[in-house]
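Novice: You'll find my_file_3.cif just under this line, and it carries mmCIF, C-alpha atoms.
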data_work
loop_
_atom_site.label_atom_id
_atom_site.label_comp_id
_atom_site.auth_asym_id
_atom_site.auth_seq_id
_atom_site.Cartn_x
_atom_site.Cartn_y
_atom_site.Cartn_z
CA MET A 1 93.02 -40.67 -14.55
CA GLN A 2 96.08 -39.28 -16.34
CA GLN A 3 95.04 -35.73 -15.43
CA LEU A 4 94.74 -36.72 -11.77
CA LEU A 5 98.21 -38.30 -11.79
CA LEU A 6 99.68 -35.21 -13.45
CA ALA A 7 97.99 -32.92 -10.93
CA LEU A 8 99.31 -34.98 -8.03
CA THR A 9 102.80 -35.03 -9.51
CA PHE A 10 102.97 -31.27 -10.06
CA SER A 11 101.42 -30.46 -6.69
CA ALA A 12 103.89 -32.76 -4.95
CA ALA A 13 106.79 -31.17 -6.82
CA SER A 14 105.63 -27.68 -5.92
CA ALA A 15 105.58 -28.64 -2.26
CA PHE A 16 109.35 -29.00 -2.30
CA VAL A 17 109.83 -25.66 -4.04
CA ALA A 18 107.72 -23.63 -1.65
CA PRO A 19 106.20 -25.46 1.30
CA THR A 20 102.70 -24.25 2.05
CA THR A 21 101.73 -22.76 5.33
CA PRO A 22 98.36 -23.16 6.97
CA ALA A 23 96.00 -20.22 6.77
CA VAL A 24 95.42 -20.17 10.51
CA GLY A 25 96.56 -22.14 13.50
CA LEU A 26 94.26 -24.76 14.93
CA VAL A 27 93.96 -25.22 18.68
CA LEU A 28 91.66 -28.08 19.59
CA ASP A 29 89.31 -27.91 22.56
CA GLY A 30 91.08 -28.35 25.87
CA SER A 31 94.54 -28.16 24.27
CA ALA A 32 97.11 -25.38 24.48
CA VAL A 33 98.97 -26.72 21.46
CA ASP A 34 98.67 -25.41 17.89
CA GLU A 35 97.94 -28.54 15.84
CA THR A 36 99.30 -26.96 12.64
CA ALA A 37 102.71 -26.72 14.32
CA ILE A 38 102.83 -30.42 15.21
CA GLY A 39 104.79 -32.64 12.83
CA VAL A 40 106.27 -29.74 10.85
CA GLN A 41 109.78 -30.97 10.09
CA ALA A 42 112.55 -30.24 7.63
CA PRO A 43 112.99 -30.51 4.73
CA ALA A 44 109.30 -30.45 3.73
CA GLY A 45 108.10 -28.02 6.40
CA PHE A 46 104.31 -27.85 6.55
CA TRP A 47 103.80 -30.36 3.76
CA ASP A 48 100.39 -29.87 2.17
CA PRO A 49 100.86 -30.24 -1.60
CA LEU A 50 97.11 -30.31 -2.33
CA GLY A 51 96.39 -27.28 -0.15
CA LEU A 52 93.81 -29.17 1.93
CA SER A 53 94.52 -27.14 5.07
CA THR A 54 93.43 -23.96 3.25
CA ASN A 55 90.85 -25.42 0.84
CA GLN A 56 89.18 -27.64 3.47
CA PRO A 57 90.25 -26.31 6.87
CA GLU A 58 87.28 -28.00 8.57
CA GLY A 59 88.70 -31.39 7.57
CA PHE A 60 92.22 -30.73 8.90
CA GLU A 61 91.24 -31.58 12.47
CA ARG A 62 89.94 -35.00 11.48
CA ARG A 63 92.85 -35.77 9.15
CA ARG A 64 95.33 -34.88 11.90
CA ALA A 65 93.43 -37.09 14.37
CA VAL A 66 93.47 -39.97 11.88
CA GLU A 67 97.21 -39.53 11.25
CA ARG A 68 97.89 -39.52 15.00
CA LYS A 69 95.75 -42.60 15.59
CA HIS A 70 97.26 -44.55 12.68
CA GLY A 71 100.71 -43.63 13.95
CA ARG A 72 99.90 -44.94 17.43
CA ILE A 73 98.48 -48.16 16.03
CA ALA A 74 101.52 -48.59 13.76
CA MET A 75 103.90 -48.10 16.71
CA VAL A 76 102.10 -50.83 18.64
CA ALA A 77 102.12 -53.03 15.52
CA MET A 78 105.89 -52.60 15.08
CA VAL A 79 106.55 -53.46 18.72
CA GLY A 80 104.31 -56.53 18.35
CA CYS A 81 106.02 -57.52 15.12
CA ILE A 82 109.50 -57.26 16.62
CA ALA A 83 108.53 -59.00 19.86
CA HIS A 84 106.71 -61.85 18.12
CA ASN A 85 109.53 -62.39 15.64
CA ALA A 86 111.89 -62.59 18.62
CA ASN A 87 109.61 -65.37 19.94
CA VAL A 88 108.45 -63.29 22.90
CA GLU A 89 105.01 -64.81 23.47
CA PHE A 90 102.48 -65.23 26.23
CA PRO A 91 102.78 -68.51 28.12
CA GLY A 92 99.88 -70.90 28.23
CA TYR A 93 96.89 -71.47 25.98
CA LEU A 94 95.15 -69.16 23.56
CA SER A 95 92.28 -71.67 23.38
CA LEU A 96 91.88 -74.47 25.91
CA SER A 97 89.05 -76.10 23.98
CA GLN A 98 91.25 -76.37 20.87
CA GLN A 99 94.44 -77.06 22.86
CA LEU A 100 96.02 -74.11 21.02
CA LYS A 101 98.96 -72.41 22.73
CA PHE A 102 100.13 -68.86 22.06
CA SER A 103 103.41 -70.37 20.89
CA ASP A 104 101.49 -72.35 18.22
CA ILE A 105 100.53 -69.15 16.38
CA PRO A 106 103.03 -68.59 13.55
CA ASN A 107 104.92 -65.32 13.23
CA GLY A 108 104.04 -62.79 10.56
CA GLY A 109 100.78 -61.79 8.94
CA GLN A 110 99.59 -65.35 8.47
CA GLY A 111 99.34 -65.79 12.25
CA ILE A 112 95.98 -63.98 12.37
CA PHE A 113 94.39 -66.78 10.35
CA LYS A 114 95.32 -69.29 13.07
CA VAL A 115 93.50 -67.37 15.82
CA PRO A 116 90.10 -68.94 16.57
CA ALA A 117 86.97 -66.97 15.65
CA ALA A 118 86.19 -66.38 19.35
CA GLY A 119 89.61 -64.76 19.76
CA ILE A 120 89.03 -62.46 16.78
CA ALA A 121 85.62 -61.53 18.23
CA GLN A 122 87.25 -60.65 21.58
CA ILE A 123 89.82 -58.44 19.81
CA LEU A 124 87.08 -56.63 17.88
CA LEU A 125 84.89 -56.18 20.98
CA PHE A 126 87.79 -54.80 23.03
CA THR A 127 88.79 -52.44 20.22
CA GLY A 128 85.20 -51.25 19.88
CA LEU A 129 85.02 -50.60 23.63
CA VAL A 130 88.22 -48.55 23.49
CA GLU A 131 87.07 -46.61 20.39
CA MET A 132 83.59 -45.79 21.67
CA ALA A 133 83.89 -45.47 25.43
CA TRP A 134 87.34 -45.58 26.98
CA TRP A 135 89.40 -43.50 24.52
CA PRO A 136 86.71 -42.26 22.11
CA ALA A 137 87.69 -41.67 18.49
CA SER A 138 85.59 -38.50 18.52
CA LYS A 139 88.18 -36.86 20.82
CA TYR A 140 90.31 -35.47 18.01
CA ASP A 141 93.12 -34.02 20.10
CA GLY A 142 94.10 -37.54 21.21
CA ASP A 143 94.74 -36.36 24.77
CA TYR A 144 92.96 -38.75 27.12
CA ASN A 145 94.33 -37.05 30.26
CA VAL A 146 96.46 -40.02 31.27
CA GLY A 147 99.80 -38.30 30.72
CA PHE A 148 103.01 -40.14 29.97
CA PHE A 149 103.17 -42.76 32.71
CA GLY A 150 101.37 -40.21 34.88
CA ALA A 151 103.61 -37.24 33.99
CA LYS A 152 101.87 -34.06 32.80
CA TYR A 153 103.63 -31.46 30.66
CA GLY A 154 103.34 -27.75 29.99
CA PRO A 155 102.61 -26.45 26.47
CA GLU A 156 106.26 -26.25 25.32
CA LYS A 157 107.24 -29.72 26.54
CA LYS A 158 103.94 -31.13 25.33
CA THR A 159 104.58 -29.76 21.82
CA GLN A 160 108.02 -31.38 21.85
CA LYS A 161 106.54 -34.73 22.92
CA LEU A 162 103.74 -34.49 20.34
CA ASN A 163 106.30 -33.76 17.61
CA ALA A 164 108.26 -36.85 18.65
CA GLU A 165 105.09 -38.94 18.69
CA MET A 166 104.11 -37.73 15.22
CA ALA A 167 107.57 -38.44 13.78
CA ASN A 168 107.75 -41.88 15.41
CA GLY A 169 104.22 -42.67 14.25
CA ARG A 170 105.04 -41.74 10.66
CA LEU A 171 108.16 -43.91 10.74
CA ALA A 172 106.20 -46.77 12.30
CA MET A 173 103.56 -46.55 9.54
CA LEU A 174 106.32 -46.84 6.94
CA GLY A 175 107.98 -49.63 8.94
CA ILE A 176 104.92 -51.83 9.33
CA ILE A 177 103.76 -51.42 5.73
CA GLY A 178 107.32 -52.11 4.56
CA ASN A 179 107.39 -55.23 6.71
CA MET A 180 104.06 -56.37 5.27
CA PHE A 181 105.23 -55.81 1.69
CA ALA A 182 108.54 -57.59 2.34
CA GLU A 183 106.76 -60.56 3.88
CA GLY A 184 104.34 -60.69 0.96
CA GLN A 185 107.15 -60.50 -1.57
CA THR A 186 109.54 -62.99 0.01
CA GLY A 187 107.12 -65.25 1.87
CA GLN A 188 109.38 -64.89 4.92
CA THR A 189 108.65 -63.14 8.21
CA LEU A 190 110.91 -60.40 9.53
CA GLY A 191 112.71 -62.86 11.81
CA GLU A 192 113.22 -65.35 8.98
CA GLN A 193 114.57 -62.64 6.69
CA ILE A 194 117.04 -61.46 9.32
CA GLY A 195 118.07 -65.03 10.15
CA SER A 196 118.62 -66.00 6.52
CA GLY A 197 120.25 -62.73 5.48
CA ASN A 198 117.64 -62.26 2.74
CA MET A 199 116.62 -58.75 3.67
CA ILE A 200 115.28 -56.77 0.70
CA PRO A 201 117.88 -54.14 -0.28
CA PHE A 202 116.66 -50.56 -0.60
#
Could you take the file, read its structure, and then write that structure out as structure tokens?

Specialist:
Amino acid sequence: MQQLLLALTFSAASAFVAPTTPAVGLVLDGSAVDETAIGVQAPAGFWDPLGLSTNQPEGFERRRAVERKHGRIAMVAMVGCIAHNANVEFPGYLSLSQQLKFSDIPNGGQGIFKVPAAGIAQILLFTGLVEMAWWPASKYDGDYNVGFFGAKYGPEKKTQKLNAEMANGRLAMLGIIGNMFAEGQTGQTLGEQIGSGNMIPF
């Protein structure tokens, strides 16, 4: 275990000395964009401290797809977190049989435990439908041909938009995990922390 930690430490340190570059560019099927150029930002450049893009190039495509998907999910999660903590909620009932309104669901991570089992099942079924049929997870390039509110872009503009999406997704992943840790540490939701002035200093 100590050897693994040392290896990770030294490989991470070496990444800041001389950022690695991918052996070859990767253009996914149906895309005119080099995936190894997406998300390459200063100061780290192409940050691959373990050399996975050269040691396991066949896995890069999947890892990039997973990063993109997690970023998209995290962006939606952050929007939901902010909206729910601002008490922006659906009107009406979540469950008529239990007389449970959307407004009865508490803010924060504990709210999921108040959703009835049938509601959780609906969420899982819908997510499964999206993953398997509508926007299949096997489509690694993440381009489902819907455009941005119908707008389609050429390769240069598309690369710019994909870079922005990757950067925003990475920030959203940090934001939502930070929010979860803060809520777990303080026992207060984001809205409660802001309202009470008890934000965790960084």

Novice: With a distance cut-off of 9 Å and all atoms listed in the file, select the neighbouring residues of Asn168 in chain A, excluding the residue or stretch itself and same-chain residues fewer than 4 positions from it, and output the selection as a CSV table (one decimal) with C-alpha atoms, in the coordinates of the input.

Specialist:
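Output saved as out-v7.csv:
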chain,number,residue,atom,x,y,z
A,71,GLY,CA,100.7,-43.6,14.0
A,72,ARG,CA,99.9,-44.9,17.4
A,75,MET,CA,103.9,-48.1,16.7
A,163,ASN,CA,106.3,-33.8,17.6
A,164,ALA,CA,108.3,-36.8,18.6
A,172,ALA,CA,106.2,-46.8,12.3
A,173,MET,CA,103.6,-46.6,9.5

Novice: Check the smallest atom-to-atom distance from each of A:Lys101, A:Arg170, A:Lys69, A:Lys114 to Pro136 in chain A using all atoms listed in the file, then report the winner.

Specialist: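 The shortest atom-to-atom distance to Pro136 in chain A comes from A:Lys69.
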
Novice: For this file, the PyMOL selection byres ((chain A and resi 188-194) around 12) selects which residues, as a PyMOL selection string?

Specialist: chain A and resi 78+80-88+106-111+175-176+178-187+195-201

Novice: Using Å and a single decimal, report how far CA of His70 in chain A sits from CA of Trp134 in chain A.

Specialist: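 Spanning CA of Trp134 in chain A to CA of His70 in chain A is a straight-line distance of 17.4 Å.
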
Novice: One decimal, in Å: what's the spacing between CA of Trp135 in chain A and CA of Phe102 in chain A?

Specialist: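 One can read the CA of Trp135 in chain A to CA of Phe102 in chain A distance as 27.6 Å.
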
Novice: What does the distance from CA of Lys139 in chain A to CA of Gly45 in chain A come to in Å, to one decimal?

Specialist: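 Interatomic distance, CA of Lys139 in chain A to CA of Gly45 in chain A: 26.1 Å.
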